[in-house]
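Beneath this line is the structure, given in structure tokens, with notes to follow.
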Amino acid sequence: MKYVDEFRARDLAEKLARQIAHEARPDQDYHFMEFCGGHTHAIFRYGVQDLMPDNVEFVHGPGCPVCVLPVRRLDDAVELAEKFGVILCTYGDMMRVPGTKQRSLIRAKADGADVRMIYSTQDALKIARENPDREVVFFAIGFETTTPPTAVAILQAEAEGLKNFSVFCNHVLTPAAIAHLLDSDDFAPDGPARIDGFLGPSHVSTVIGSKPYEGAAEKYDKPVVIAGFEPLDVMQSVLMLIRQVNEGRHEVENEYTRVVTREGNKKAQALVDKVLEVRDDFEWRGLGTVAFSALKIRDAYAFFDAEKRFDVSEKRSRETKSCECPAILRGVKKPTECKLFGTVCTPDNPMGSCMVSSEGACAAYWTYGRFRDGNKTGAKRPEAAE
Amino acid sequence: MCLAIPAKVTALEAGDMAVVAFEGVKKRISVALVDDIDVGDYVLVHVGYALHRVSEEDAMRTLALMGEAGILTEELQEMKEGAA
Ligand code: SF4
């Protein structure tokens, strides 16, 4: 493996693991939530948990945009495609998420709806230009990393006078969700997860900066370390969190200084602010209704708002019965505690959103074999690769 | 879908667009979110947009690691499938 030879990654990983074991106090447990699905994925793929001492545990968070979209919004998207006959453009991960009665966009497509998978909002604009006599709706999901491209597309549609393009906006905000997870009263009956600190998302933070986490760190006395997606970044960040806990600090620190600054990408922020504004509240799968946690299109751009352009119906949306995604997204249950995991529900036949996206906890458990014994041996380890 | 991959800018085009190369795969992306991009720069690309400039050294390191873990192949596949 070239990477290891050139950069001695394995040596460094082992050194970091020893340091973590040395500094983690034996009389204490450390529960760190990796907010972001990208981290969940990296932790499993590289077997980072196996390099941790027994008293340091990762709690998987809700930072997977596909996973947290409530069923009702997905049902709305299916309705847009089926009933209103629009060309519905969506990022690939969204295609297979089951909605009410297991109805997904891919099933709608199989039944004749015009659903198209796109890689970029630029593709959606192109489809709108090429089909002037059809309505084209972009099904926008994602955290702050994915939001600026939506804003740019709306501004571009306006500049070009594209009349048949609109956006079904479901963008959500990371800091609001972190604060909500720490607000203990809301989560009967399972209660909130125990969290001693957060690994903060790196790519989200390239856009918003590290500053927006300072409020939650302060208010709830929880350290936050913005961490890169590489295994060494994750380990280094765990060490930084352990030190903060040991020293009784609760600051926002930035491990990913290569790219993240306190202020973030001002240009991207300004574009988002021009087109989108904060909603009073928004429903998240697992977290329920969270105040000021999502974005909608400003009135000045109402013309491009699919929610205003199409009159979608009130519906009785339902989660798959027995799917534990909501509790998993709050960090209070593990995928293996779901009755359907690995039997009825697999990546080929997902029953819930956490099994669809590779950033979902259920998919990560399944793919990296951790379900086989529930702990140490199943995962692929970095040194296993040649 | 949350990942961003480093790529090298090989050409600039009108309308804040640019061509980047990922491991031999060329792709047209938007550079509307980042100021003063030049040919030869490395950028982090997410859903077809450059998010941030990165150093060549950092880009190479990340690419090597992603390649080794098979992530790169998956992301490039997603890019091709989604090319509408
Ligand atoms: S295993 Fe499937 S059904 Fe169970 S919680 Fe995960 S996604 Fe839901």
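The way I read the labels, and the way they are meant: chains A, B, ... in the order of the structure tokens, residue 1 as the first residue of every chain, and ligand 1 as the first ligand shown, with later ones counted on from there.
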Note to self: Give me, as a ChimeraX atom specification, all polymer residues having an atom no more than 6 Å from region 30-39 of chain B, counting only C-alpha atoms and skipping those fewer than 5 positions away in the same chain.
What the structure shows: /A:268 /B:9-11,16-17,49-50
Margin query: Please identify all residues of chain A having at least one atom at most 6 Å from any atom of chain B, considering only C-alpha atoms, and return them as a list in words.
Written below: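 That gives the following set of residues: Met117, Ile118, Tyr119, Ser120 and Ala268 of chain A.
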Residues as selected, C-alpha atoms, written as an mmCIF file, in the first residue's frame, can you do that?
```cif
data_model
loop_
_atom_site.group_PDB
_atom_site.id
_atom_site.type_symbol
_atom_site.label_atom_id
_atom_site.label_comp_id
_atom_site.auth_asym_id
_atom_site.auth_seq_id
_atom_site.Cartn_x
_atom_site.Cartn_y
_atom_site.Cartn_z
ATOM 1 C CA MET A 117 -30.573 11.216 -10.984
ATOM 2 C CA ILE A 118 -28.207 14.147 -11.165
ATOM 3 C CA TYR A 119 -24.714 14.760 -9.854
ATOM 4 C CA SER A 120 -24.846 18.551 -9.736
ATOM 5 C CA ALA A 268 -20.696 30.862 -0.332
#
```
Next item on the list: Skip Pro70 (chain A) itself and residues of its chain fewer than 3 positions away, then list as a PyMOL selection string all residues within 6 Å of it, counting only C-alpha atoms.
Entry: chain A and resi 73+284-285
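The smallest atom-to-atom distance between ligand 1 and any of A:Ala364, A:Leu155, A:Ala128, A:Val78, using only C-alpha atoms and all ligand atoms, is found for A:Ala364.
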Next item on the list: Considering only C-alpha atoms, return as a PyMOL selection string whatever protein or nucleic-acid residues lie within 7 Å of region 141-148 of chain A, sequence-local ones (same chain, fewer than 5 positions apart) excluded.
Entry: chain A and resi 65+169-174+203-204+207+268+271-272
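With CA of Val136 (chain A) on one side and CA of Phe310 (chain A) on the other, the separation reads 11.7 Å.
Neighbouring residues of Glu23 (chain B) at 9 Å or closer, counting only C-alpha atoms and skipping chain neighbours under 2 positions away, are Ala7, Ala21, Val25, Lys26 and Leu63 of chain B.
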Please identify every polymer residue within 12 Å of ligand 1, using only C-alpha atoms and all ligand atoms, and present the set as a tab-separated table (two decimals) with all heavy atoms, in the first residue's frame.
```
chain	number	residue	atom	x	y	z
A	66	VAL	N	-29.67	12.18	3.82
A	66	VAL	CA	-30.67	11.24	3.32
A	66	VAL	C	-31.42	10.62	4.49
A	66	VAL	O	-32.63	10.43	4.45
A	66	VAL	CB	-29.97	10.15	2.48
A	66	VAL	CG1	-30.96	9.08	2.07
A	66	VAL	CG2	-29.29	10.77	1.28
A	67	CYS	N	-30.67	10.33	5.57
A	67	CYS	CA	-31.26	9.64	6.71
A	67	CYS	C	-32.25	10.51	7.47
A	67	CYS	O	-33.25	10.01	7.97
A	67	CYS	CB	-30.17	9.20	7.68
A	67	CYS	SG	-28.92	8.14	6.92
A	68	VAL	N	-31.99	11.79	7.58
A	68	VAL	CA	-32.83	12.62	8.46
A	68	VAL	C	-34.03	13.25	7.77
A	68	VAL	O	-34.88	13.85	8.41
A	68	VAL	CB	-32.02	13.76	9.15
A	68	VAL	CG1	-30.98	13.17	10.09
A	68	VAL	CG2	-31.39	14.69	8.13
A	96	ARG	N	-33.45	5.48	-3.49
A	96	ARG	CA	-33.90	4.20	-2.94
A	96	ARG	C	-34.50	4.30	-1.55
A	96	ARG	O	-34.85	3.29	-0.94
A	96	ARG	CB	-32.73	3.21	-2.96
A	96	ARG	CG	-32.34	2.83	-4.38
A	96	ARG	CD	-31.01	2.13	-4.47
A	96	ARG	NE	-30.91	1.02	-3.56
A	96	ARG	CZ	-30.03	0.93	-2.56
A	96	ARG	NH1	-29.15	1.89	-2.38
A	96	ARG	NH2	-30.00	-0.11	-1.78
A	97	VAL	N	-34.61	5.51	-1.01
A	97	VAL	CA	-35.16	5.64	0.34
A	97	VAL	C	-36.65	5.33	0.33
A	97	VAL	O	-37.40	5.91	-0.45
A	97	VAL	CB	-34.95	7.06	0.90
A	97	VAL	CG1	-35.53	7.17	2.30
A	97	VAL	CG2	-33.48	7.42	0.90
A	98	PRO	N	-37.08	4.38	1.16
A	98	PRO	CA	-38.50	4.03	1.17
A	98	PRO	C	-39.34	5.07	1.89
A	98	PRO	O	-39.01	5.50	2.99
A	98	PRO	CB	-38.54	2.69	1.92
A	98	PRO	CG	-37.27	2.61	2.69
A	98	PRO	CD	-36.27	3.54	2.07
A	99	GLY	N	-40.42	5.48	1.26
A	99	GLY	CA	-41.38	6.39	1.89
A	99	GLY	C	-42.52	5.59	2.49
A	99	GLY	O	-42.37	4.41	2.81
A	102	GLN	N	-43.40	1.87	1.66
A	102	GLN	CA	-42.22	1.47	0.90
A	102	GLN	C	-42.14	2.09	-0.50
A	102	GLN	O	-41.39	1.63	-1.35
A	102	GLN	CB	-42.15	-0.07	0.76
A	102	GLN	CG	-42.08	-0.81	2.08
A	102	GLN	CD	-40.80	-0.47	2.83
A	102	GLN	OE1	-39.71	-0.63	2.31
A	102	GLN	NE2	-40.92	0.02	4.03
A	285	ARG	N	-36.25	13.34	10.76
A	285	ARG	CA	-36.48	11.96	11.18
A	285	ARG	C	-35.63	11.73	12.44
A	285	ARG	O	-34.45	12.05	12.48
A	285	ARG	CB	-36.07	11.00	10.08
A	285	ARG	CG	-36.18	9.55	10.51
A	285	ARG	CD	-35.81	8.59	9.40
A	285	ARG	NE	-36.91	8.35	8.50
A	285	ARG	CZ	-36.80	8.29	7.18
A	285	ARG	NH1	-35.64	8.49	6.61
A	285	ARG	NH2	-37.85	8.05	6.44
A	286	GLY	N	-36.27	11.21	13.47
A	286	GLY	CA	-35.53	10.89	14.69
A	286	GLY	C	-35.50	12.02	15.69
A	286	GLY	O	-35.64	11.81	16.88
A	319	GLU	N	-43.55	5.99	8.91
A	319	GLU	CA	-42.28	5.26	8.90
A	319	GLU	C	-42.58	3.77	8.77
A	319	GLU	O	-43.65	3.32	9.17
A	319	GLU	CB	-41.57	5.43	10.26
A	319	GLU	CG	-41.20	6.83	10.64
A	319	GLU	CD	-39.83	7.24	10.12
A	319	GLU	OE1	-39.13	6.38	9.54
A	319	GLU	OE2	-39.50	8.41	10.28
A	320	THR	N	-41.61	3.03	8.28
A	320	THR	CA	-41.74	1.58	8.29
A	320	THR	C	-41.85	1.12	9.74
A	320	THR	O	-41.05	1.54	10.58
A	320	THR	CB	-40.48	0.94	7.67
A	320	THR	OG1	-40.29	1.49	6.38
A	320	THR	CG2	-40.63	-0.57	7.58
A	321	LYS	N	-42.83	0.26	10.01
A	321	LYS	CA	-43.01	-0.23	11.37
A	321	LYS	C	-41.75	-0.99	11.80
A	321	LYS	O	-41.15	-1.68	11.00
A	321	LYS	CB	-44.22	-1.18	11.41
A	321	LYS	CG	-45.20	-0.81	12.52
A	321	LYS	CD	-46.45	-1.64	12.39
A	321	LYS	CE	-46.63	-2.50	13.63
A	321	LYS	NZ	-47.60	-3.56	13.44
A	322	SER	N	-41.35	-0.87	13.02
A	322	SER	CA	-40.18	-1.54	13.60
A	322	SER	C	-38.83	-0.96	13.16
A	322	SER	O	-37.80	-1.39	13.65
A	322	SER	CB	-40.12	-3.04	13.31
A	322	SER	OG	-41.33	-3.65	13.48
A	323	CYS	N	-38.80	-0.06	12.19
A	323	CYS	CA	-37.52	0.54	11.81
A	323	CYS	C	-37.06	1.44	12.95
A	323	CYS	O	-37.79	2.30	13.41
A	323	CYS	CB	-37.67	1.34	10.52
A	323	CYS	SG	-36.22	2.31	10.10
A	324	GLU	N	-35.82	1.23	13.39
A	324	GLU	CA	-35.30	1.98	14.54
A	324	GLU	C	-34.48	3.21	14.12
A	324	GLU	O	-33.78	3.79	14.94
A	324	GLU	CB	-34.43	1.07	15.42
A	324	GLU	CG	-35.19	-0.08	16.07
A	324	GLU	CD	-35.99	0.36	17.30
A	324	GLU	OE1	-36.07	1.58	17.55
A	324	GLU	OE2	-36.52	-0.53	17.99
A	325	CYS	N	-34.55	3.59	12.86
A	325	CYS	CA	-33.79	4.77	12.41
A	325	CYS	C	-33.93	5.97	13.34
A	325	CYS	O	-32.92	6.61	13.68
A	325	CYS	CB	-34.19	5.18	11.00
A	325	CYS	SG	-33.42	4.24	9.69
A	326	PRO	N	-35.15	6.30	13.78
A	326	PRO	CA	-35.25	7.50	14.63
A	326	PRO	C	-34.36	7.42	15.88
A	326	PRO	O	-33.66	8.39	16.20
A	326	PRO	CB	-36.74	7.54	15.00
A	326	PRO	CG	-37.42	6.89	13.82
A	326	PRO	CD	-36.49	5.78	13.41
A	327	ALA	N	-34.37	6.28	16.58
A	327	ALA	CA	-33.54	6.16	17.78
A	327	ALA	C	-32.06	6.09	17.43
A	327	ALA	O	-31.20	6.61	18.16
A	327	ALA	CB	-33.94	4.91	18.57
A	328	ILE	N	-31.74	5.48	16.28
A	328	ILE	CA	-30.34	5.40	15.85
A	328	ILE	C	-29.81	6.79	15.53
A	328	ILE	O	-28.69	7.14	15.89
A	328	ILE	CB	-30.21	4.45	14.64
A	328	ILE	CG1	-30.47	3.00	15.08
A	328	ILE	CG2	-28.85	4.57	13.98
A	328	ILE	CD1	-30.67	2.03	13.96
A	329	LEU	N	-30.65	7.60	14.90
A	329	LEU	CA	-30.22	8.95	14.53
A	329	LEU	C	-30.00	9.84	15.74
A	329	LEU	O	-29.26	10.82	15.69
A	329	LEU	CB	-31.24	9.58	13.58
A	329	LEU	CG	-31.25	8.96	12.18
A	329	LEU	CD1	-32.50	9.36	11.42
A	329	LEU	CD2	-30.01	9.36	11.41
A	330	ARG	N	-30.65	9.53	16.85
A	330	ARG	CA	-30.42	10.29	18.07
A	330	ARG	C	-29.24	9.76	18.86
A	330	ARG	O	-28.85	10.32	19.88
A	330	ARG	CB	-31.65	10.24	18.97
A	330	ARG	CG	-32.85	10.98	18.46
A	330	ARG	CD	-33.81	11.32	19.59
A	330	ARG	NE	-34.31	10.17	20.31
A	330	ARG	CZ	-35.32	9.41	19.91
A	330	ARG	NH1	-35.92	9.68	18.77
A	330	ARG	NH2	-35.73	8.40	20.64
A	331	GLY	N	-28.70	8.62	18.43
A	331	GLY	CA	-27.55	8.04	19.12
A	331	GLY	C	-27.91	7.20	20.32
A	331	GLY	O	-27.04	6.86	21.12
A	332	VAL	N	-29.18	6.82	20.49
A	332	VAL	CA	-29.55	6.02	21.66
A	332	VAL	C	-29.65	4.52	21.36
A	332	VAL	O	-29.68	3.71	22.27
A	332	VAL	CB	-30.87	6.49	22.32
A	332	VAL	CG1	-30.70	7.86	22.93
A	332	VAL	CG2	-32.03	6.47	21.35
A	333	LYS	N	-29.71	4.14	20.07
A	333	LYS	CA	-29.71	2.72	19.74
A	333	LYS	C	-28.67	2.43	18.67
A	333	LYS	O	-28.28	3.32	17.92
A	333	LYS	CB	-31.09	2.29	19.24
A	333	LYS	CG	-32.09	2.13	20.36
A	333	LYS	CD	-33.25	1.24	19.99
A	333	LYS	CE	-34.13	1.07	21.22
A	333	LYS	NZ	-35.50	0.67	20.88
A	334	LYS	N	-28.27	1.17	18.61
A	334	LYS	CA	-27.35	0.72	17.57
A	334	LYS	C	-28.14	-0.07	16.53
A	334	LYS	O	-29.17	-0.67	16.86
A	334	LYS	CB	-26.28	-0.18	18.18
A	334	LYS	CG	-25.41	0.53	19.20
A	334	LYS	CD	-23.98	0.00	19.12
A	334	LYS	CE	-22.98	1.06	19.53
A	334	LYS	NZ	-22.90	1.30	20.95
A	335	PRO	N	-27.66	-0.10	15.29
A	335	PRO	CA	-28.38	-0.85	14.25
A	335	PRO	C	-28.70	-2.29	14.65
A	335	PRO	O	-29.77	-2.80	14.33
A	335	PRO	CB	-27.41	-0.80	13.07
A	335	PRO	CG	-26.68	0.49	13.24
A	335	PRO	CD	-26.52	0.65	14.73
A	336	THR	N	-27.78	-2.91	15.37
A	336	THR	CA	-27.99	-4.31	15.75
A	336	THR	C	-29.16	-4.47	16.73
A	336	THR	O	-29.63	-5.58	16.95
A	336	THR	CB	-26.72	-4.89	16.40
A	336	THR	OG1	-26.14	-3.88	17.23
A	336	THR	CG2	-25.71	-5.29	15.36
A	337	GLU	N	-29.64	-3.38	17.29
A	337	GLU	CA	-30.80	-3.48	18.18
A	337	GLU	C	-32.11	-3.41	17.39
A	337	GLU	O	-33.19	-3.48	17.98
A	337	GLU	CB	-30.77	-2.35	19.22
A	337	GLU	CG	-29.64	-2.51	20.23
A	337	GLU	CD	-29.53	-1.29	21.15
A	337	GLU	OE1	-30.50	-1.01	21.88
A	337	GLU	OE2	-28.48	-0.62	21.11
A	338	CYS	N	-32.02	-3.28	16.07
A	338	CYS	CA	-33.24	-3.28	15.25
A	338	CYS	C	-33.55	-4.71	14.82
A	338	CYS	O	-32.68	-5.41	14.31
A	338	CYS	CB	-33.03	-2.39	14.02
A	338	CYS	SG	-34.37	-2.57	12.83
A	339	LYS	N	-34.81	-5.10	15.01
A	339	LYS	CA	-35.24	-6.46	14.67
A	339	LYS	C	-35.06	-6.78	13.19
A	339	LYS	O	-34.85	-7.90	12.80
A	339	LYS	CB	-36.74	-6.62	14.99
A	339	LYS	CG	-37.05	-6.86	16.45
A	339	LYS	CD	-38.49	-7.36	16.58
A	339	LYS	CE	-39.45	-6.31	16.08
A	339	LYS	NZ	-40.59	-5.96	16.88
A	340	LEU	N	-35.17	-5.74	12.37
A	340	LEU	CA	-35.15	-5.98	10.92
A	340	LEU	C	-33.73	-6.01	10.35
A	340	LEU	O	-33.51	-6.45	9.23
A	340	LEU	CB	-35.94	-4.88	10.21
A	340	LEU	CG	-37.37	-4.66	10.69
A	340	LEU	CD1	-38.04	-3.56	9.87
A	340	LEU	CD2	-38.17	-5.95	10.57
A	341	PHE	N	-32.76	-5.55	11.15
A	341	PHE	CA	-31.38	-5.39	10.65
A	341	PHE	C	-30.81	-6.72	10.14
A	341	PHE	O	-30.77	-7.72	10.86
A	341	PHE	CB	-30.47	-4.85	11.75
A	341	PHE	CG	-29.03	-4.72	11.32
A	341	PHE	CD1	-28.60	-3.62	10.59
A	341	PHE	CD2	-28.12	-5.73	11.62
A	341	PHE	CE1	-27.28	-3.52	10.19
A	341	PHE	CE2	-26.79	-5.62	11.21
A	341	PHE	CZ	-26.37	-4.52	10.49
A	342	GLY	N	-30.40	-6.70	8.88
A	342	GLY	CA	-29.70	-7.86	8.33
A	342	GLY	C	-30.60	-9.03	7.98
A	342	GLY	O	-30.17	-9.99	7.35
A	343	THR	N	-31.86	-8.97	8.40
A	343	THR	CA	-32.78	-10.05	8.03
A	343	THR	C	-33.71	-9.53	6.94
A	343	THR	O	-33.53	-9.80	5.77
A	343	THR	CB	-33.59	-10.53	9.25
A	343	THR	OG1	-34.21	-9.40	9.87
A	343	THR	CG2	-32.68	-11.19	10.27
A	344	VAL	N	-34.67	-8.73	7.37
A	344	VAL	CA	-35.58	-8.13	6.39
A	344	VAL	C	-34.91	-6.95	5.69
A	344	VAL	O	-35.11	-6.69	4.52
A	344	VAL	CB	-36.87	-7.64	7.11
A	344	VAL	CG1	-37.81	-6.98	6.12
A	344	VAL	CG2	-37.55	-8.80	7.82
A	345	CYS	N	-34.09	-6.24	6.43
A	345	CYS	CA	-33.52	-4.99	5.92
A	345	CYS	C	-32.03	-5.14	5.60
A	345	CYS	O	-31.22	-5.44	6.48
A	345	CYS	CB	-33.71	-3.89	6.97
A	345	CYS	SG	-33.07	-2.29	6.45
A	346	THR	N	-31.69	-5.01	4.33
A	346	THR	CA	-30.30	-5.05	3.87
A	346	THR	C	-30.12	-3.93	2.85
A	346	THR	O	-31.11	-3.37	2.38
A	346	THR	CB	-29.99	-6.40	3.19
A	346	THR	OG1	-30.84	-6.53	2.04
A	346	THR	CG2	-30.19	-7.58	4.12
A	347	PRO	N	-28.86	-3.64	2.47
A	347	PRO	CA	-28.69	-2.56	1.47
A	347	PRO	C	-29.42	-2.85	0.15
A	347	PRO	O	-29.83	-1.92	-0.54
A	347	PRO	CB	-27.17	-2.52	1.27
A	347	PRO	CG	-26.61	-3.00	2.57
A	347	PRO	CD	-27.57	-4.07	3.03
A	348	ASP	N	-29.59	-4.12	-0.20
A	348	ASP	CA	-30.32	-4.43	-1.44
A	348	ASP	C	-31.81	-4.22	-1.29
A	348	ASP	O	-32.52	-4.03	-2.27
A	348	ASP	CB	-30.07	-5.88	-1.85
A	348	ASP	CG	-28.66	-6.06	-2.37
A	348	ASP	OD1	-28.08	-5.07	-2.86
A	348	ASP	OD2	-28.12	-7.18	-2.26
A	349	ASN	N	-32.29	-4.31	-0.08
A	349	ASN	CA	-33.72	-4.14	0.17
A	349	ASN	C	-33.92	-3.31	1.43
A	349	ASN	O	-34.34	-3.81	2.47
A	349	ASN	CB	-34.37	-5.53	0.31
A	349	ASN	CG	-35.87	-5.41	0.46
A	349	ASN	OD1	-36.49	-4.48	-0.06
A	349	ASN	ND2	-36.46	-6.33	1.21
A	350	PRO	N	-33.57	-2.03	1.36
A	350	PRO	CA	-33.60	-1.20	2.58
A	350	PRO	C	-35.02	-0.91	3.05
A	350	PRO	O	-35.89	-0.60	2.24
A	350	PRO	CB	-32.90	0.09	2.14
A	350	PRO	CG	-33.07	0.14	0.66
A	350	PRO	CD	-33.17	-1.27	0.17
A	351	MET	N	-35.24	-1.03	4.35
A	351	MET	CA	-36.55	-0.71	4.92
A	351	MET	C	-36.56	0.68	5.54
A	351	MET	O	-37.60	1.23	5.86
A	351	MET	CB	-36.94	-1.72	6.00
A	351	MET	CG	-36.91	-3.17	5.56
A	351	MET	SD	-38.03	-3.48	4.17
A	351	MET	CE	-39.59	-3.47	5.04
A	352	GLY	N	-35.38	1.23	5.77
A	352	GLY	CA	-35.29	2.56	6.36
A	352	GLY	C	-34.13	3.31	5.74
A	352	GLY	O	-33.25	2.72	5.10
A	353	SER	N	-34.12	4.62	5.96
A	353	SER	CA	-33.12	5.46	5.30
A	353	SER	C	-31.69	5.17	5.75
A	353	SER	O	-30.76	5.34	4.98
A	353	SER	CB	-33.46	6.93	5.56
A	353	SER	OG	-33.48	7.19	6.95
A	354	CYS	N	-31.52	4.71	7.00
A	354	CYS	CA	-30.15	4.48	7.51
A	354	CYS	C	-29.46	3.32	6.81
A	354	CYS	O	-28.27	3.12	6.98
A	354	CYS	CB	-30.17	4.21	9.01
A	354	CYS	SG	-31.04	5.43	9.94
A	355	MET	N	-30.23	2.49	6.06
A	355	MET	CA	-29.63	1.37	5.34
A	355	MET	C	-29.35	1.74	3.89
A	355	MET	O	-28.74	0.98	3.15
A	355	MET	CB	-30.56	0.16	5.45
A	355	MET	CG	-30.01	-1.16	4.96
A	355	MET	SD	-28.50	-1.69	5.81
A	355	MET	CE	-29.14	-2.86	7.01
A	356	VAL	N	-29.80	2.93	3.46
A	356	VAL	CA	-29.67	3.28	2.04
A	356	VAL	C	-28.33	3.95	1.75
A	356	VAL	O	-27.53	3.48	0.95
A	356	VAL	CB	-30.81	4.23	1.60
A	356	VAL	CG1	-30.58	4.69	0.17
A	356	VAL	CG2	-32.14	3.51	1.72
A	357	SER	N	-28.10	5.05	2.40
A	357	SER	CA	-26.91	5.83	2.10
A	357	SER	C	-25.69	5.17	2.73
A	357	SER	O	-25.78	4.62	3.82
A	357	SER	CB	-27.09	7.23	2.69
A	357	SER	OG	-25.84	7.88	2.75
A	358	SER	N	-24.56	5.23	2.04
A	358	SER	CA	-23.35	4.64	2.62
A	358	SER	C	-22.92	5.41	3.86
A	358	SER	O	-22.09	4.95	4.62
A	358	SER	CB	-22.23	4.61	1.59
A	358	SER	OG	-21.86	5.92	1.24
A	359	GLU	N	-23.50	6.58	4.07
A	359	GLU	CA	-23.18	7.33	5.28
A	359	GLU	C	-24.11	6.99	6.44
A	359	GLU	O	-23.94	7.47	7.55
A	359	GLU	CB	-23.27	8.84	4.99
A	359	GLU	CG	-22.05	9.33	4.25
A	359	GLU	CD	-22.41	10.25	3.10
A	359	GLU	OE1	-23.43	10.93	3.17
A	359	GLU	OE2	-21.66	10.27	2.11
A	360	GLY	N	-25.11	6.17	6.19
A	360	GLY	CA	-26.03	5.76	7.25
A	360	GLY	C	-25.40	4.72	8.15
A	360	GLY	O	-24.61	3.88	7.70
A	361	ALA	N	-25.78	4.74	9.42
A	361	ALA	CA	-25.16	3.82	10.39
A	361	ALA	C	-25.48	2.36	10.06
A	361	ALA	O	-24.62	1.49	10.16
A	361	ALA	CB	-25.62	4.17	11.80
A	362	CYS	N	-26.71	2.06	9.65
A	362	CYS	CA	-27.07	0.67	9.37
A	362	CYS	C	-26.26	0.13	8.19
A	362	CYS	O	-25.76	-1.00	8.22
A	362	CYS	CB	-28.56	0.54	9.09
A	362	CYS	SG	-29.56	0.96	10.53
A	363	ALA	N	-26.14	0.94	7.14
A	363	ALA	CA	-25.36	0.52	5.97
A	363	ALA	C	-23.90	0.30	6.35
A	363	ALA	O	-23.26	-0.66	5.91
A	363	ALA	CB	-25.47	1.54	4.86
A	364	ALA	N	-23.35	1.17	7.20
A	364	ALA	CA	-21.96	1.04	7.62
A	364	ALA	C	-21.76	-0.24	8.44
A	364	ALA	O	-20.81	-1.00	8.22
A	364	ALA	CB	-21.51	2.26	8.41
A	365	TYR	N	-22.67	-0.52	9.35
A	365	TYR	CA	-22.60	-1.76	10.14
A	365	TYR	C	-22.62	-2.98	9.23
A	365	TYR	O	-21.88	-3.92	9.40
A	365	TYR	CB	-23.79	-1.86	11.11
A	365	TYR	CG	-23.50	-1.40	12.51
A	365	TYR	CD1	-23.18	-0.07	12.75
A	365	TYR	CD2	-23.55	-2.28	13.59
A	365	TYR	CE1	-22.94	0.37	14.04
A	365	TYR	CE2	-23.30	-1.85	14.88
A	365	TYR	CZ	-23.00	-0.53	15.10
A	365	TYR	OH	-22.76	-0.09	16.37
A	366	TRP	N	-23.53	-2.93	8.27
A	366	TRP	CA	-23.69	-4.08	7.37
A	366	TRP	C	-22.45	-4.26	6.50
A	366	TRP	O	-21.85	-5.32	6.43
A	366	TRP	CB	-24.93	-3.88	6.50
A	366	TRP	CG	-25.08	-4.95	5.47
A	366	TRP	CD1	-24.68	-4.89	4.17
A	366	TRP	CD2	-25.62	-6.26	5.66
A	366	TRP	NE1	-24.95	-6.07	3.53
A	366	TRP	CE2	-25.52	-6.93	4.42
A	366	TRP	CE3	-26.17	-6.92	6.76
A	366	TRP	CZ2	-25.96	-8.24	4.26
A	366	TRP	CZ3	-26.62	-8.23	6.59
A	366	TRP	CH2	-26.51	-8.88	5.34
A	371	PHE	N	-21.63	-6.29	12.42
A	371	PHE	CA	-22.77	-7.00	13.00
A	371	PHE	C	-22.40	-8.42	13.36
A	371	PHE	O	-23.07	-9.07	14.13
A	371	PHE	CB	-23.94	-7.01	12.01
A	371	PHE	CG	-23.63	-7.74	10.76
A	371	PHE	CD1	-23.95	-9.08	10.64
A	371	PHE	CD2	-23.00	-7.11	9.70
A	371	PHE	CE1	-23.65	-9.76	9.47
A	371	PHE	CE2	-22.68	-7.79	8.54
A	371	PHE	CZ	-23.02	-9.12	8.43
```
Notebook entry, point to check: So how far away is CA of Ala153 (chain A) from CA of Thr121 (chain A), in Å?
Noted result: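 Interatomic distance, CA of Thr121 (chain A) to CA of Ala153 (chain A): 6.1 Å.
Of the residues in region 118-172 of chain A, those that DSSP places in helix (DSSP H, G or I) on the basis of the backbone are A:Thr121, A:Gln122, A:Asp123, A:Ala124, A:Leu125, A:Lys126, A:Ile127, A:Ala128, A:Arg129, A:Glu130, A:Thr147, A:Pro148, A:Pro149, A:Thr150, A:Ala151, A:Val152, A:Ala153, A:Ile154, A:Leu155, A:Gln156, A:Ala157, A:Glu158, A:Ala159, A:Glu160.
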Next item on the list: Could you give me the residues within chain B that DSSP places in strand (DSSP E or B), as a ChimeraX atom specification?
Entry: /B:5-13,17-22,25-30,42-46,49-54
Checklist line | Separation of CA of Asp299 (chain A) from CA of Gly63 (chain A), in Å and rounded to one decimal | finding: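 Spanning CA of Asp299 (chain A) to CA of Gly63 (chain A) is a straight-line distance of 28.2 Å.
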Note to self: Give me, as a list in words, all polymer residues having an atom no more than 10 Å from Leu241 (chain A), counting only C-alpha atoms and skipping those fewer than 5 positions away in the same chain.
What the structure shows: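 After dropping sequence-adjacent residues, the list is Tyr30, Phe32, Asp196, Gly197, Phe198, Leu199, Lys222, Pro223, Val224, Val225, Met235, Gln236, Asn246, Glu247, Arg249, His250, Glu251, Val252 and Glu253 of chain A.
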Item checked: Best match for closeness to Ile5 (chain B) among A:Phe58, A:Phe229, A:Pro192, A:Leu239, counting only C-alpha atoms ->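 Once distances to Ile5 (chain B) are computed over only C-alpha atoms, the minimum belongs to A:Phe229.
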Notebook entry, point to check: Between B:Leu76, B:Leu12, B:Ala59, B:Val19, which has the minimum distance to Val43 (chain B) (counting only C-alpha atoms)?
Noted result: B:Ala59
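Between Leu232 (chain A) and the candidates A:Arg258, A:Arg10, A:Lys274, A:His60, the tightest atom-to-atom separation, counting only C-alpha atoms, involves A:Arg10.
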